[in-house]
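Novice: My questions all concern the structure below.
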Amino acid sequence: MTNHTPRAEAGPVPPTSPAFLLAALGRHIRDDVERSLKPTGYTLRHLAALGHLQREPGISYSELARRAGVTAQSAQATVRQLEQRGAVERRSFPGRGHTAELHITDKGYDLLDAGKRAYASADKDLNQVLGSEQITVLTRFLLTALSAHQPGS
């Protein structure tokens with residue numbers, strides 16, 4: 001038989017861990033962006049793949065997977081969905097030993113624009129809560145933290 005004292009029910013204690021708070025805020029923003037993208041039929045996964053392809057047109061499945069931090073199979077499935085919906089086109093022959101050159105179509109650029117609008121809406125919501133001065137400071141802090149988490153650092 002254990003002897004422990006019951007805790008007083010004071011209600012939830014707000015977490016003070018910056019990492020926890022960033023993760024929680026990130027989850028809320030991700031949910032908001034996903035909700036904004038829902039009418040397009042695409043997800044953040046699709047948007048992320050298009051973002052990588054926009055930065056470097058023609059990259060292969062394996063390079064896309066490496067940059068997105070997913071398996072090659074996952075990247076292929078995402079790109080296949082984008083191809084089927086007309087957002088990405090392959091400009092090389094499929095098959096073993098052939099590198100797929102992946103490019104964004106006009107439809108894919110439309111999705112990237114929808115993603116920019118979704119993030120702009122989330123930024124507007126944050127700005128309403130924090131104000132422009134605090135947004136500037138927060139952005140500087142986040143850029144500093146992100147630069148410390150780049151691959152190879």
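To be explicit about the labels: the chains of the structure tokens are called A, B, and onward in the order shown, and within each one the residues are counted from 1, while ligands get numbers from 1 in the order they are shown.
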Can you tell me, as a list in words, what residues are no more than 7 Å from Arg91 (chain A) when counting only C-alpha atoms, ignoring any on the same chain fewer than 4 positions away?
Specialist: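 Neighbouring residues, sequence-local ones excluded: Ala100, Glu101 and Leu102 of chain A.
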Novice: Excluding region 117-127 of chain A and residues on its chain fewer than 2 positions from it, collect all residues at most 8 Å away from it, counting only C-alpha atoms, and give them as JSON, numbers by chain.
Specialist: {"A": [29, 32, 33, 36, 37, 113, 114, 115, 129, 130, 131, 132, 135]}
Novice: Just the selected residues (C-alpha atoms), exported as a CSV table (one decimal), in the first residue's frame, please.
Specialist:
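Done, and the output landed in selection.csv:
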```
chain,number,residue,atom,x,y,z
A,29,ILE,CA,-1.0,27.6,-36.9
A,32,ASP,CA,-5.3,27.0,-39.4
A,33,VAL,CA,-3.3,26.7,-42.6
A,36,SER,CA,-7.5,27.3,-45.2
A,37,LEU,CA,-6.1,24.8,-47.7
A,113,ASP,CA,-0.4,31.2,-53.9
A,114,ALA,CA,-3.2,29.6,-51.8
A,115,GLY,CA,-0.5,28.6,-49.3
A,129,VAL,CA,-2.5,39.6,-30.8
A,130,LEU,CA,1.1,40.7,-30.6
A,131,GLY,CA,1.4,44.0,-32.5
A,132,SER,CA,4.0,44.8,-35.1
A,135,ILE,CA,6.1,40.4,-34.3
```
Novice: Distance CA of Thr78 (chain A)-CA of Leu146 (chain A), one decimal place?
Specialist: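 If I compute the distance from CA of Thr78 (chain A) to CA of Leu146 (chain A), I get 25.4 Å.
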Novice: Could you pull the residues within 12 Å of Leu50 (chain A), counting only C-alpha atoms, minus those fewer than 3 positions along the same chain, as an MDAnalysis selection string?
Specialist: chainID A and resid 42:47 53:59 64 67:68 75 78:79 81:83 87:89 102:115
Novice: Would you please extract all alpha helix (DSSP H) residues from chain A, as assigned by DSSP on the backbone, and give them as a PyMOL selection string?
Specialist: chain A and resi 18-37+44-55+61-68+72-84+106-148
